[in-house]
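Trainee: Contents of target_34.cif (mmCIF, C-alpha atoms and all ligand atoms) are below:
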data_structure
loop_
_atom_site.label_atom_id
_atom_site.label_comp_id
_atom_site.auth_asym_id
_atom_site.auth_seq_id
_atom_site.Cartn_x
_atom_site.Cartn_y
_atom_site.Cartn_z
CA MET A 1 31.97 7.12 141.33
CA GLU A 2 28.50 8.66 140.94
CA THR A 3 25.85 8.11 138.29
CA THR A 4 24.01 10.76 136.33
CA THR A 5 20.71 10.42 138.15
CA ASN A 6 21.40 12.69 141.10
CA PHE A 7 22.69 15.80 139.36
CA ARG A 8 21.41 18.16 142.00
CA GLU A 9 23.25 16.37 144.79
CA LEU A 10 26.52 15.93 142.91
CA GLN A 11 29.44 16.67 145.19
CA TRP A 12 32.06 19.22 144.17
CA GLY A 13 34.76 17.39 142.21
CA ALA A 14 32.73 14.17 141.81
CA GLU A 15 33.72 11.76 139.06
CA ILE A 16 30.59 10.57 137.33
CA GLN A 17 30.00 7.74 134.92
CA LEU A 18 28.17 8.29 131.65
CA PRO A 19 26.46 5.79 129.37
CA ASN A 20 28.08 5.13 126.00
CA SER A 21 26.89 7.63 123.39
CA ARG A 22 26.75 5.13 120.56
CA ALA A 23 23.21 4.33 121.71
CA LEU A 24 22.18 7.74 120.33
CA SER A 25 22.90 6.82 116.72
CA LYS A 26 19.22 6.78 115.63
CA SER A 27 18.46 10.24 116.97
CA PRO A 28 19.23 13.63 115.35
CA HIS A 29 22.72 13.15 116.82
CA PHE A 30 23.29 10.90 113.79
CA VAL A 31 23.37 13.99 111.56
CA GLY A 32 26.99 14.98 110.91
CA GLY A 33 28.19 12.15 113.12
CA ARG A 34 31.77 12.50 111.91
CA TYR A 35 32.12 16.13 112.97
CA PRO A 36 35.26 16.19 115.14
CA CYS A 37 35.26 16.89 118.86
CA ARG A 38 31.54 16.40 119.43
CA SER A 39 30.42 16.49 123.02
CA VAL A 40 28.79 13.67 124.89
CA ALA A 41 25.05 14.29 124.67
CA TYR A 42 24.34 13.02 128.19
CA VAL A 43 26.08 15.97 129.81
CA PRO A 44 23.87 18.74 128.38
CA ARG A 45 20.91 16.35 128.84
CA MET A 46 21.43 15.99 132.58
CA ILE A 47 21.94 19.72 133.07
CA LEU A 48 18.90 20.57 130.93
CA GLU A 49 16.70 18.03 132.69
CA ASP A 50 17.59 19.56 136.01
CA TYR A 51 17.10 23.17 134.88
CA SER A 52 13.85 22.63 133.08
CA SER A 53 12.24 20.64 135.91
CA ASN A 54 11.18 23.87 137.66
CA SER A 55 10.39 25.96 134.66
CA ASN A 56 7.92 26.31 131.82
CA GLY A 57 10.56 26.65 129.20
CA ILE A 58 14.03 28.07 129.23
CA LYS A 59 16.23 29.91 126.76
CA VAL A 60 19.43 28.05 126.06
CA LEU A 61 22.69 29.22 124.48
CA ASP A 62 25.74 27.37 123.16
CA PRO A 63 28.45 29.82 122.05
CA PHE A 64 30.66 27.07 120.55
CA MET A 65 27.75 25.25 118.96
CA GLY A 66 29.75 22.87 116.74
CA SER A 67 27.49 20.22 115.25
CA GLY A 68 24.75 21.08 117.73
CA THR A 69 24.84 18.49 120.53
CA THR A 70 23.57 21.00 123.11
CA ALA A 71 20.86 22.25 120.74
CA ILE A 72 19.65 18.76 119.79
CA GLU A 73 19.18 18.02 123.48
CA ALA A 74 17.75 21.46 124.25
CA VAL A 75 14.92 21.36 121.71
CA ARG A 76 13.14 18.91 124.02
CA TYR A 77 13.28 21.19 127.03
CA ALA A 78 13.72 24.76 125.87
CA ASN A 79 11.58 27.53 124.42
CA SER A 80 14.42 28.67 122.20
CA VAL A 81 18.02 27.73 121.47
CA HIS A 82 20.62 30.31 120.54
CA GLY A 83 23.99 29.60 119.03
CA VAL A 84 27.31 31.00 117.93
CA GLU A 85 29.69 29.04 115.71
CA VAL A 86 32.45 29.97 113.29
CA ASP A 87 32.52 26.89 111.06
CA PRO A 88 29.93 26.89 108.23
CA TYR A 89 29.83 23.10 107.91
CA ALA A 90 29.18 22.78 111.66
CA ARG A 91 26.42 25.39 111.34
CA LEU A 92 24.80 23.42 108.52
CA ILE A 93 24.83 20.19 110.54
CA ALA A 94 23.47 21.86 113.69
CA THR A 95 20.80 23.69 111.68
CA VAL A 96 19.62 20.54 109.89
CA ALA A 97 19.64 18.42 113.05
CA THR A 98 17.45 20.83 115.03
CA ARG A 99 14.94 22.04 112.48
CA LYS A 100 11.29 21.22 112.71
CA TYR A 101 10.25 19.21 109.62
CA SER A 102 6.54 18.76 108.95
CA SER A 103 5.28 15.37 107.82
CA HIS A 104 4.73 16.95 104.40
CA GLU A 105 8.40 17.99 104.27
CA ILE A 106 9.52 14.53 105.38
CA GLN A 107 7.49 13.01 102.52
CA GLU A 108 8.99 15.51 100.11
CA MET A 109 12.49 14.55 101.27
CA GLN A 110 11.69 10.87 100.80
CA SER A 111 10.43 11.35 97.25
CA LEU A 112 13.36 13.63 96.42
CA VAL A 113 15.80 10.91 97.44
CA SER A 114 14.07 8.47 95.03
CA GLU A 115 13.98 11.15 92.31
CA ILE A 116 17.71 11.81 92.76
CA GLU A 117 18.44 8.07 92.50
CA LYS A 118 16.50 7.89 89.21
CA ARG A 119 17.92 11.03 87.65
CA VAL A 120 21.54 11.12 88.71
CA GLN A 121 23.17 8.99 86.00
CA LYS A 122 21.68 11.14 83.23
CA GLN A 123 22.44 14.40 85.05
CA LYS A 124 24.63 16.94 83.30
CA PRO A 125 27.34 17.97 85.77
CA ASN A 126 27.31 21.64 86.65
CA ILE A 127 30.96 22.73 86.57
CA ALA A 128 30.15 25.81 88.66
CA LEU A 129 29.43 23.46 91.60
CA LYS A 130 32.93 21.93 91.55
CA PRO A 131 34.74 22.35 94.90
CA GLU A 132 37.19 25.22 94.86
CA LEU A 133 39.84 23.65 97.06
CA ALA A 134 43.33 23.34 95.58
CA ASN A 135 44.22 19.75 94.64
CA ILE A 136 40.75 18.46 95.44
CA ASP A 137 41.15 15.82 92.68
CA TYR A 138 43.96 14.20 94.66
CA TRP A 139 41.46 12.90 97.20
CA PHE A 140 39.05 11.15 94.79
CA ASP A 141 39.23 8.73 91.92
CA ASP A 142 37.85 10.00 88.61
CA VAL A 143 34.64 8.00 88.77
CA ASN A 144 33.70 9.16 92.25
CA PHE A 145 34.67 12.75 91.54
CA ALA A 146 32.40 12.78 88.50
CA ASP A 147 29.60 11.03 90.40
CA LEU A 148 29.81 13.43 93.36
CA LEU A 149 29.54 16.35 90.98
CA LYS A 150 26.54 14.77 89.27
CA LEU A 151 24.88 14.10 92.61
CA LYS A 152 25.43 17.65 93.82
CA SER A 153 24.20 19.00 90.48
CA THR A 154 21.03 16.88 90.78
CA ILE A 155 20.40 18.17 94.31
CA PHE A 156 20.77 21.75 93.08
CA ASP A 157 18.56 21.16 90.05
CA LEU A 158 15.77 19.62 92.11
CA THR A 159 15.74 22.04 95.06
CA ASP A 160 15.79 25.74 95.79
CA GLU A 161 17.95 27.30 98.44
CA GLY A 162 16.47 26.50 101.86
CA LYS A 163 15.45 23.82 104.28
CA ILE A 164 15.18 20.81 101.94
CA ARG A 165 18.39 21.59 100.06
CA ASP A 166 20.22 22.06 103.38
CA PHE A 167 18.99 18.67 104.49
CA LEU A 168 20.19 16.95 101.31
CA LEU A 169 23.51 18.79 101.44
CA ALA A 170 24.10 17.63 105.00
CA ALA A 171 23.50 14.01 103.92
CA PHE A 172 25.73 14.61 100.89
CA GLY A 173 28.48 16.00 103.18
CA ASP A 174 28.30 12.84 105.23
CA ILE A 175 29.22 10.55 102.31
CA ILE A 176 32.27 12.54 101.19
CA ARG A 177 34.85 10.84 103.37
CA ALA A 178 33.62 7.33 102.56
CA CYS A 179 33.70 8.11 98.82
CA SER A 180 37.19 9.62 98.98
CA LYS A 181 40.55 7.85 99.02
CA ALA A 182 41.24 9.23 102.49
CA GLU A 183 41.22 6.80 105.36
CA ARG A 184 38.10 6.66 107.49
CA GLN A 185 39.89 6.23 110.79
CA SER A 186 42.10 9.29 110.84
CA LEU A 187 40.35 12.57 111.58
CA LYS A 188 42.53 14.57 109.23
CA PRO A 189 42.24 13.52 105.59
CA TYR A 190 45.14 11.24 104.81
CA ILE A 191 45.75 8.66 102.08
CA SER A 192 47.60 5.64 103.29
CA LYS A 193 50.09 4.23 100.76
CA LYS A 194 50.39 1.04 102.75
CA TYR A 195 46.71 0.17 103.16
CA GLU A 196 44.98 1.40 100.07
CA LYS A 197 41.31 2.11 100.66
CA THR A 198 38.56 1.24 98.23
CA PRO A 199 36.29 4.29 98.10
CA LYS A 200 32.57 3.56 98.40
CA PRO A 201 30.49 4.07 95.23
CA VAL A 202 28.77 7.46 95.48
CA MET A 203 25.14 6.51 94.91
CA GLU A 204 25.38 3.36 96.99
CA GLU A 205 26.57 5.47 99.91
CA PHE A 206 24.02 8.24 99.36
CA SER A 207 21.17 5.72 99.17
CA ARG A 208 22.38 4.20 102.43
CA ILE A 209 22.84 7.48 104.32
CA ALA A 210 19.91 9.63 103.12
CA PRO A 211 17.13 7.42 104.60
CA LYS A 212 19.06 7.32 107.89
CA TYR A 213 19.09 11.11 107.88
CA ILE A 214 15.33 11.10 107.35
CA ASP A 215 14.91 8.68 110.27
CA ALA A 216 17.17 10.87 112.38
CA VAL A 217 15.08 14.00 111.93
CA LEU A 218 11.65 12.33 112.04
CA GLU A 219 11.16 13.27 115.68
CA THR A 220 11.86 16.93 115.11
CA GLY A 221 8.31 17.84 114.01
CA LYS A 222 7.27 17.59 117.66
CA HIS A 223 9.46 20.51 118.78
CA LYS A 224 7.98 23.68 120.12
CA PHE A 225 10.17 25.83 117.85
CA ASP A 226 12.10 25.72 114.62
CA GLY A 227 15.83 25.28 115.08
CA ILE A 228 18.64 27.45 116.29
CA VAL A 229 18.63 31.24 116.44
CA TRP A 230 22.14 32.12 115.26
CA GLU A 231 23.51 35.03 117.26
CA GLY A 232 26.90 35.42 115.61
CA TRP A 233 30.04 33.78 114.33
CA ASP A 234 32.59 34.70 116.96
CA ALA A 235 32.26 33.26 120.46
CA THR A 236 34.63 35.90 121.83
CA ASP A 237 32.46 38.81 120.76
CA PHE A 238 28.70 38.51 120.31
CA ASP A 239 25.41 39.93 121.51
CA VAL A 240 22.34 37.82 122.11
CA SER A 241 18.91 39.10 121.17
CA THR A 242 17.28 37.83 124.38
CA SER A 243 18.03 37.03 128.01
CA ILE A 244 19.44 33.51 128.45
CA ASP A 245 18.61 31.13 131.32
CA LEU A 246 21.22 28.49 130.68
CA ALA A 247 24.36 28.35 128.53
CA ILE A 248 26.14 25.04 127.94
CA THR A 249 29.22 24.68 125.82
CA SER A 250 32.29 22.71 124.97
CA PRO A 251 35.04 25.07 123.76
CA PRO A 252 37.95 23.81 121.64
CA TYR A 253 40.99 22.38 123.38
CA ILE A 254 44.24 24.31 123.49
CA ASN A 255 46.70 23.66 120.68
CA ALA A 256 44.76 20.65 119.51
CA MET A 257 44.58 19.25 116.03
CA ASP A 258 43.56 21.66 113.30
CA TYR A 259 40.09 20.30 112.78
CA THR A 260 39.03 22.86 110.18
CA ARG A 261 41.39 20.77 108.06
CA CYS A 262 39.75 17.55 109.29
CA ILE A 263 36.51 18.53 107.57
CA LYS A 264 37.98 20.33 104.57
CA LEU A 265 36.77 17.77 102.01
CA GLU A 266 33.21 17.92 103.30
CA SER A 267 33.30 21.73 103.54
CA ALA A 268 34.69 22.02 100.01
CA TRP A 269 32.02 19.74 98.54
CA ILE A 270 29.05 21.29 100.30
CA GLY A 271 30.37 24.60 99.01
CA THR A 272 31.28 26.45 102.17
CA ALA A 273 35.05 26.41 101.84
CA ASP A 274 37.86 27.15 99.46
CA ASP A 275 41.47 27.52 100.67
CA GLN A 276 40.99 31.13 101.72
CA ALA A 277 37.79 30.39 103.66
CA ILE A 278 39.49 27.49 105.44
CA ARG A 279 42.32 29.81 106.50
CA THR A 280 39.86 32.43 107.73
CA VAL A 281 37.92 29.96 109.87
CA ARG A 282 41.14 28.46 111.17
CA ASN A 283 42.45 31.85 112.24
CA ALA A 284 39.29 32.37 114.28
CA GLN A 285 39.47 29.00 116.05
CA LEU A 286 40.24 29.25 119.75
CA GLY A 287 43.32 27.34 120.80
CA GLU A 288 44.88 27.49 117.31
CA SER A 289 48.58 28.32 117.43
CA ILE A 290 48.14 30.92 114.68
CA ARG A 291 46.35 33.15 117.22
CA ARG A 292 49.36 33.32 119.51
CA HIS A 293 50.59 36.58 117.94
CA ARG A 294 47.68 38.53 119.35
CA VAL A 295 48.93 40.95 121.97
CA ILE A 296 47.49 40.32 125.43
CA GLY A 297 46.85 43.44 127.41
CA ASP A 298 45.19 41.63 130.29
CA GLU A 299 47.50 41.36 133.28
CA PHE A 300 45.10 39.11 135.22
CA VAL A 301 45.11 36.41 132.52
CA SER A 302 48.91 36.71 132.20
CA SER A 303 49.33 36.29 135.95
CA LEU A 304 47.15 33.16 135.92
CA ALA A 305 49.22 31.73 133.08
CA ARG A 306 52.42 32.36 135.02
CA LYS A 307 50.92 30.81 138.16
CA HIS A 308 49.50 27.67 136.56
CA PHE A 309 51.93 26.81 133.76
CA GLY A 310 54.65 29.48 133.82
CA GLU A 311 57.47 26.88 133.36
CA LEU A 312 56.25 26.33 129.81
CA GLU A 313 57.37 29.79 128.70
CA ALA A 314 61.07 28.91 128.93
CA ILE A 315 60.62 25.48 127.32
CA ASP A 316 58.30 26.40 124.47
CA GLU A 317 57.47 30.07 124.21
CA SER A 318 55.18 29.74 121.22
CA ARG A 319 52.94 27.13 122.85
CA TYR A 320 52.94 29.17 126.03
CA LYS A 321 51.60 32.11 124.02
CA THR A 322 49.03 29.89 122.31
CA ALA A 323 47.72 28.87 125.74
CA LEU A 324 47.83 32.44 127.02
CA VAL A 325 45.81 33.74 124.07
CA PHE A 326 43.36 30.85 124.49
CA PHE A 327 42.62 31.97 128.05
CA ASP A 328 42.33 35.59 126.98
CA ASP A 329 39.85 34.49 124.29
CA MET A 330 37.94 32.48 126.90
CA LYS A 331 37.79 35.57 129.09
CA ARG A 332 36.12 37.45 126.24
CA ASN A 333 33.73 34.55 125.78
CA LEU A 334 32.87 34.52 129.49
CA GLN A 335 32.17 38.26 129.25
CA SER A 336 29.86 37.88 126.24
CA VAL A 337 27.96 35.05 127.94
CA PHE A 338 27.74 37.07 131.18
CA GLN A 339 26.04 39.87 129.22
CA ALA A 340 23.66 37.37 127.63
CA LEU A 341 22.61 35.61 130.87
CA LYS A 342 19.75 36.77 133.00
CA SER A 343 20.51 37.26 136.65
CA GLY A 344 20.58 33.79 138.25
CA GLY A 345 21.37 32.18 134.88
CA SER A 346 24.08 29.54 134.60
CA TYR A 347 26.97 28.82 132.27
CA TYR A 348 28.23 25.22 132.05
CA ILE A 349 31.59 24.70 130.37
CA ILE A 350 32.80 21.23 129.41
CA ILE A 351 36.53 21.20 128.88
CA GLY A 352 39.52 18.85 128.84
CA ASN A 353 42.80 19.82 130.42
CA SER A 354 46.01 19.76 128.43
CA LYS A 355 49.53 18.54 128.86
CA ILE A 356 51.86 20.67 126.79
CA ARG A 357 55.52 19.55 126.62
CA ASP A 358 54.85 17.47 129.74
CA ILE A 359 53.51 20.43 131.68
CA ASP A 360 49.96 20.25 132.97
CA VAL A 361 47.71 23.11 131.95
CA PRO A 362 44.67 22.96 134.28
CA THR A 363 42.28 24.56 131.81
CA HIS A 364 39.14 24.25 133.94
CA GLN A 365 40.88 25.81 136.92
CA VAL A 366 42.19 28.78 134.97
CA ILE A 367 38.76 29.33 133.42
CA ALA A 368 37.15 29.11 136.87
CA GLU A 369 39.50 31.78 138.22
CA ILE A 370 38.85 34.08 135.26
CA ALA A 371 35.10 33.57 135.72
CA GLY A 372 35.43 34.44 139.41
CA GLU A 373 37.16 37.70 138.54
CA LEU A 374 34.38 38.57 136.08
CA GLY A 375 31.72 38.20 138.78
CA TYR A 376 30.42 34.66 138.24
CA ASN A 377 29.84 32.42 141.26
CA TRP A 378 30.96 28.81 141.13
CA GLU A 379 27.96 26.51 141.22
CA LYS A 380 29.15 23.02 140.30
CA TYR A 381 32.18 21.07 139.30
CA PHE A 382 32.38 17.43 138.26
CA LEU A 383 34.29 15.31 135.79
CA TYR A 384 34.05 12.10 133.80
CA ARG A 385 36.42 9.82 131.95
CA ILE A 386 36.19 10.03 128.16
CA LYS A 387 35.06 6.65 126.89
CA ASP A 388 34.67 7.16 123.20
CA HIS A 389 37.77 8.64 121.63
CA ARG A 390 36.46 8.01 118.13
CA THR A 391 35.69 11.60 117.26
CA SER A 392 37.68 13.30 119.98
CA ILE A 393 40.99 14.85 119.09
CA PRO A 394 43.97 12.47 119.01
CA ARG A 395 46.57 14.85 120.37
CA GLY A 396 49.71 12.73 120.05
CA ASP A 397 52.63 14.49 121.66
CA ARG A 398 51.14 17.91 121.01
CA GLY A 399 48.71 18.04 123.87
CA GLY A 400 48.71 14.60 125.46
CA LYS A 401 45.70 12.34 125.23
CA ILE A 402 42.78 13.82 127.09
CA GLU A 403 41.50 11.31 129.64
CA PHE A 404 38.95 13.39 131.52
CA GLU A 405 36.50 16.05 130.68
CA HIS A 406 35.73 18.60 133.40
CA VAL A 407 32.37 20.31 133.77
CA LEU A 408 32.35 23.70 135.40
CA GLY A 409 29.03 25.29 136.37
CA LEU A 410 29.02 29.07 136.84
CA VAL A 411 26.19 31.38 137.91
CA LYS A 412 25.62 35.04 137.20
CA PRO A 413 24.48 36.46 140.56
C1 LIG B 501 34.60 21.24 120.93
S1 LIG B 501 33.80 21.84 119.50
C2 LIG B 501 32.11 21.89 119.98
C3 LIG B 501 31.48 20.59 119.74
C4 LIG B 501 29.99 20.59 119.92
N1 LIG B 501 29.62 20.64 121.31
C5 LIG B 501 29.44 19.35 119.26
O1 LIG B 501 28.99 18.46 119.94
O2 LIG B 501 29.55 19.26 118.02
C6 LIG B 501 34.23 23.51 119.53
C7 LIG B 501 33.57 24.33 118.44
O3 LIG B 501 33.93 25.70 118.62
C8 LIG B 501 34.03 26.31 117.35
N2 LIG B 501 34.83 27.52 117.51
C9 LIG B 501 36.16 27.64 117.71
N3 LIG B 501 36.53 28.91 117.81
C10 LIG B 501 35.39 29.65 117.68
C11 LIG B 501 35.10 31.05 117.71
N4 LIG B 501 36.06 31.96 117.87
N5 LIG B 501 33.82 31.43 117.58
C12 LIG B 501 32.82 30.52 117.39
N6 LIG B 501 33.03 29.19 117.33
C13 LIG B 501 34.30 28.76 117.49
C14 LIG B 501 34.66 25.23 116.49
O4 LIG B 501 34.42 25.46 115.12
C15 LIG B 501 34.00 23.97 117.02
O5 LIG B 501 32.89 23.63 116.26
#
Can you dump the structure from the file as structure tokens?
Mentor:
Amino acid sequence: METTTNFRELQWGAEIQLPNSRALSKSPHFVGGRYPCRSVAYVPRMILEDYSSNSNGIKVLDPFMGSGTTAIEAVRYANSVHGVEVDPYARLIATVATRKYSSHEIQEMQSLVSEIEKRVQKQKPNIALKPELANIDYWFDDVNFADLLKLKSTIFDLTDEGKIRDFLLAAFGDIIRACSKAERQSLKPYISKKYEKTPKPVMEEFSRIAPKYIDAVLETGKHKFDGIVWEGWDATDFDVSTSIDLAITSPPYINAMDYTRCIKLESAWIGTADDQAIRTVRNAQLGESIRRHRVIGDEFVSSLARKHFGELEAIDESRYKTALVFFDDMKRNLQSVFQALKSGGSYYIIIGNSKIRDIDVPTHQVIAEIAGELGYNWEKYFLYRIKDHRTSIPRGDRGGKIEFEHVLGLVKP
């Protein structure tokens, strides 16, 4: 087993050991800490450290940006960070975690938190800010529902649209699960009848979380640039405004849990999702079974599917198609990133393999073969054992528990 220190010399197929990510809890990684399927920060860090050692500043891209792990790491090394992401809540978290806040803005945020604490009980709730998700009341007791609406109304009364409101909304999003009746442990909202949970009082939770958010972003004023340049919403079809040196990403897993649903309470409260919006985002999510109806015209991807997991088709045709469409989507993603990269630029993909109905789907291998066909060279390949399953996807019998994450490094010649 190798350690992270000698990235350049890593042997093909090496299993490396990573430190536990919980140590990062005081950094901007704290922002949106419950976002499902976050990547381990140390992986982009080691790649970025290596790439930036010979350069004055690189341009970095993450086409499945999620809550921004790559970007949070990249702001220390890069001249600009570019992102694509379909989920609005994820975009808010990533945006807030990577912005440059001046000391004046930090002070303003601190006084706003005190002002909110003073004002909130007398605040008139603004009904127009009520979440538009069907049955939202089911998830909250009456007191917390009313208090959340008052808190959101206070935030909107005290701020205009923009940086400071985004910051407060991200902190507000982070208290939603704790203040709901849904269990904390399960990723998908679920109310246990057996072990009834006592929801946290809204203002107690906000007053606990908001200062931690301020601490988390305190460092950001030192960045060279202000946050992520968003280049689009769809990782399978986007154009980047500049030439990229290094792309690092962690795409969704195949046929994993529907995590748009996992964050539906937060999304509904911060105002980015009603039922229709949740469906739209879900339909765009790679690996979702709903996408399996898309017709695949690409014979190369179909032949790889037959070669690597063809037995699945007879056992479970619909999951076979879900996997097939996933790889076709990944091909489109690899093409978009290829266009975005400068010659000699690299694309690192962090991905777990799947077991579907007891059949192994070697995701990293299939992606590597597709990349080869598109003209990428293979630069690096290593893997590590997943230590912290807290926010990774519990796949039950649907995809098998993911034990390893594989890192595939590709280069555009
Ligand atoms: C494994 S997560 C990325 C996690 C991220 N590295 C982090 O640490 O938070 C995959 C992300 O891809 C996004 N995604 C899925 N399908 C997408 C698509 N078609 N276009 C853009 N983003 C997509 C999901 O919303 C999710 O945030």
Trainee: Calculated over only C-alpha atoms and all ligand atoms, which of the candidates A:Glu108, A:Asp174, A:Asp142, A:Glu405 has the smallest distance to ligand LIG 501 (chain B)?
Mentor: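 Ranking A:Glu108, A:Asp174, A:Asp142, A:Glu405 by distance to ligand LIG 501 (chain B), first place goes to A:Glu405.
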Trainee: At a cut-off of 9 Å, can you tabulate as JSON lines every residue of chain A near ligand LIG 501 (chain B) together with its closest atom pair and the distance in Å to one decimal, using only C-alpha atoms and all ligand atoms and ordering rows by chain then number?
Mentor:
{"residue": "A:His29", "atom": "CA", "partner": "B:LIG501", "partner_atom": "O1", "distance": 8.8}
{"residue": "A:Gly32", "atom": "CA", "partner": "B:LIG501", "partner_atom": "O2", "distance": 8.7}
{"residue": "A:Gly33", "atom": "CA", "partner": "B:LIG501", "partner_atom": "O2", "distance": 8.7}
{"residue": "A:Tyr35", "atom": "CA", "partner": "B:LIG501", "partner_atom": "O2", "distance": 6.5}
{"residue": "A:Pro36", "atom": "CA", "partner": "B:LIG501", "partner_atom": "O2", "distance": 7.1}
{"residue": "A:Cys37", "atom": "CA", "partner": "B:LIG501", "partner_atom": "C1", "distance": 4.9}
{"residue": "A:Arg38", "atom": "CA", "partner": "B:LIG501", "partner_atom": "O1", "distance": 3.3}
{"residue": "A:Ser39", "atom": "CA", "partner": "B:LIG501", "partner_atom": "O1", "distance": 3.9}
{"residue": "A:Val40", "atom": "CA", "partner": "B:LIG501", "partner_atom": "O1", "distance": 6.9}
{"residue": "A:Ala41", "atom": "CA", "partner": "B:LIG501", "partner_atom": "O1", "distance": 7.4}
{"residue": "A:Asp62", "atom": "CA", "partner": "B:LIG501", "partner_atom": "N1", "distance": 8.0}
{"residue": "A:Pro63", "atom": "CA", "partner": "B:LIG501", "partner_atom": "C12", "distance": 6.4}
{"residue": "A:Phe64", "atom": "CA", "partner": "B:LIG501", "partner_atom": "O3", "distance": 4.0}
{"residue": "A:Met65", "atom": "CA", "partner": "B:LIG501", "partner_atom": "C4", "distance": 5.3}
{"residue": "A:Gly66", "atom": "CA", "partner": "B:LIG501", "partner_atom": "O5", "distance": 3.3}
{"residue": "A:Ser67", "atom": "CA", "partner": "B:LIG501", "partner_atom": "O2", "distance": 3.6}
{"residue": "A:Gly68", "atom": "CA", "partner": "B:LIG501", "partner_atom": "O2", "distance": 5.1}
{"residue": "A:Thr69", "atom": "CA", "partner": "B:LIG501", "partner_atom": "O1", "distance": 4.2}
{"residue": "A:Thr70", "atom": "CA", "partner": "B:LIG501", "partner_atom": "N1", "distance": 6.3}
{"residue": "A:Ala71", "atom": "CA", "partner": "B:LIG501", "partner_atom": "N1", "distance": 8.9}
{"residue": "A:Val84", "atom": "CA", "partner": "B:LIG501", "partner_atom": "C12", "distance": 5.6}
{"residue": "A:Glu85", "atom": "CA", "partner": "B:LIG501", "partner_atom": "N6", "distance": 3.7}
{"residue": "A:Val86", "atom": "CA", "partner": "B:LIG501", "partner_atom": "C12", "distance": 4.2}
{"residue": "A:Asp87", "atom": "CA", "partner": "B:LIG501", "partner_atom": "O4", "distance": 4.7}
{"residue": "A:Pro88", "atom": "CA", "partner": "B:LIG501", "partner_atom": "O4", "distance": 8.3}
{"residue": "A:Tyr89", "atom": "CA", "partner": "B:LIG501", "partner_atom": "O4", "distance": 8.9}
{"residue": "A:Ala90", "atom": "CA", "partner": "B:LIG501", "partner_atom": "O5", "distance": 6.0}
{"residue": "A:Arg91", "atom": "CA", "partner": "B:LIG501", "partner_atom": "O5", "distance": 8.3}
{"residue": "A:Ile93", "atom": "CA", "partner": "B:LIG501", "partner_atom": "O2", "distance": 8.9}
{"residue": "A:Ala94", "atom": "CA", "partner": "B:LIG501", "partner_atom": "O2", "distance": 7.9}
{"residue": "A:Gly232", "atom": "CA", "partner": "B:LIG501", "partner_atom": "C12", "distance": 7.9}
{"residue": "A:Trp233", "atom": "CA", "partner": "B:LIG501", "partner_atom": "C12", "distance": 5.3}
{"residue": "A:Asp234", "atom": "CA", "partner": "B:LIG501", "partner_atom": "N5", "distance": 3.5}
{"residue": "A:Ala235", "atom": "CA", "partner": "B:LIG501", "partner_atom": "N5", "distance": 3.8}
{"residue": "A:Thr236", "atom": "CA", "partner": "B:LIG501", "partner_atom": "N4", "distance": 5.8}
{"residue": "A:Asp237", "atom": "CA", "partner": "B:LIG501", "partner_atom": "N5", "distance": 8.2}
{"residue": "A:Ile248", "atom": "CA", "partner": "B:LIG501", "partner_atom": "N1", "distance": 8.7}
{"residue": "A:Thr249", "atom": "CA", "partner": "B:LIG501", "partner_atom": "N1", "distance": 6.1}
{"residue": "A:Ser250", "atom": "CA", "partner": "B:LIG501", "partner_atom": "C1", "distance": 4.9}
{"residue": "A:Pro251", "atom": "CA", "partner": "B:LIG501", "partner_atom": "C6", "distance": 4.6}
{"residue": "A:Pro252", "atom": "CA", "partner": "B:LIG501", "partner_atom": "C1", "distance": 4.3}
{"residue": "A:Tyr253", "atom": "CA", "partner": "B:LIG501", "partner_atom": "C1", "distance": 6.9}
{"residue": "A:Tyr259", "atom": "CA", "partner": "B:LIG501", "partner_atom": "O4", "distance": 8.0}
{"residue": "A:Thr260", "atom": "CA", "partner": "B:LIG501", "partner_atom": "O4", "distance": 7.2}
{"residue": "A:Val281", "atom": "CA", "partner": "B:LIG501", "partner_atom": "O4", "distance": 7.8}
{"residue": "A:Arg282", "atom": "CA", "partner": "B:LIG501", "partner_atom": "N3", "distance": 8.1}
{"residue": "A:Asn283", "atom": "CA", "partner": "B:LIG501", "partner_atom": "N4", "distance": 8.5}
{"residue": "A:Ala284", "atom": "CA", "partner": "B:LIG501", "partner_atom": "N4", "distance": 4.8}
{"residue": "A:Gln285", "atom": "CA", "partner": "B:LIG501", "partner_atom": "N3", "distance": 3.4}
{"residue": "A:Leu286", "atom": "CA", "partner": "B:LIG501", "partner_atom": "N3", "distance": 4.2}
{"residue": "A:Gly287", "atom": "CA", "partner": "B:LIG501", "partner_atom": "N3", "distance": 7.6}
{"residue": "A:Glu288", "atom": "CA", "partner": "B:LIG501", "partner_atom": "N3", "distance": 8.5}
{"residue": "A:Asp329", "atom": "CA", "partner": "B:LIG501", "partner_atom": "N4", "distance": 7.9}
{"residue": "A:Asn333", "atom": "CA", "partner": "B:LIG501", "partner_atom": "N4", "distance": 8.6}
{"residue": "A:Ile350", "atom": "CA", "partner": "B:LIG501", "partner_atom": "C1", "distance": 8.7}
{"residue": "A:Ile351", "atom": "CA", "partner": "B:LIG501", "partner_atom": "C1", "distance": 8.2}
{"residue": "A:Ser392", "atom": "CA", "partner": "B:LIG501", "partner_atom": "C1", "distance": 8.6}
Trainee: Which residue, A:Phe309, A:Ile359, A:Gly221, A:Gly372, has the smallest gap to His104 (chain A) when you use all atoms listed in the file?
Mentor: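 Closest to His104 (chain A) of all the choices is A:Gly221.
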Trainee: Just checking: using only C-alpha atoms, which residue out of A:Leu169, A:Asp50, A:Ala305, A:Ile296 ends up closest to Asn6 (chain A)?
Mentor: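 When distances to Asn6 (chain A) are compared using only C-alpha atoms, the smallest one comes from A:Asp50.
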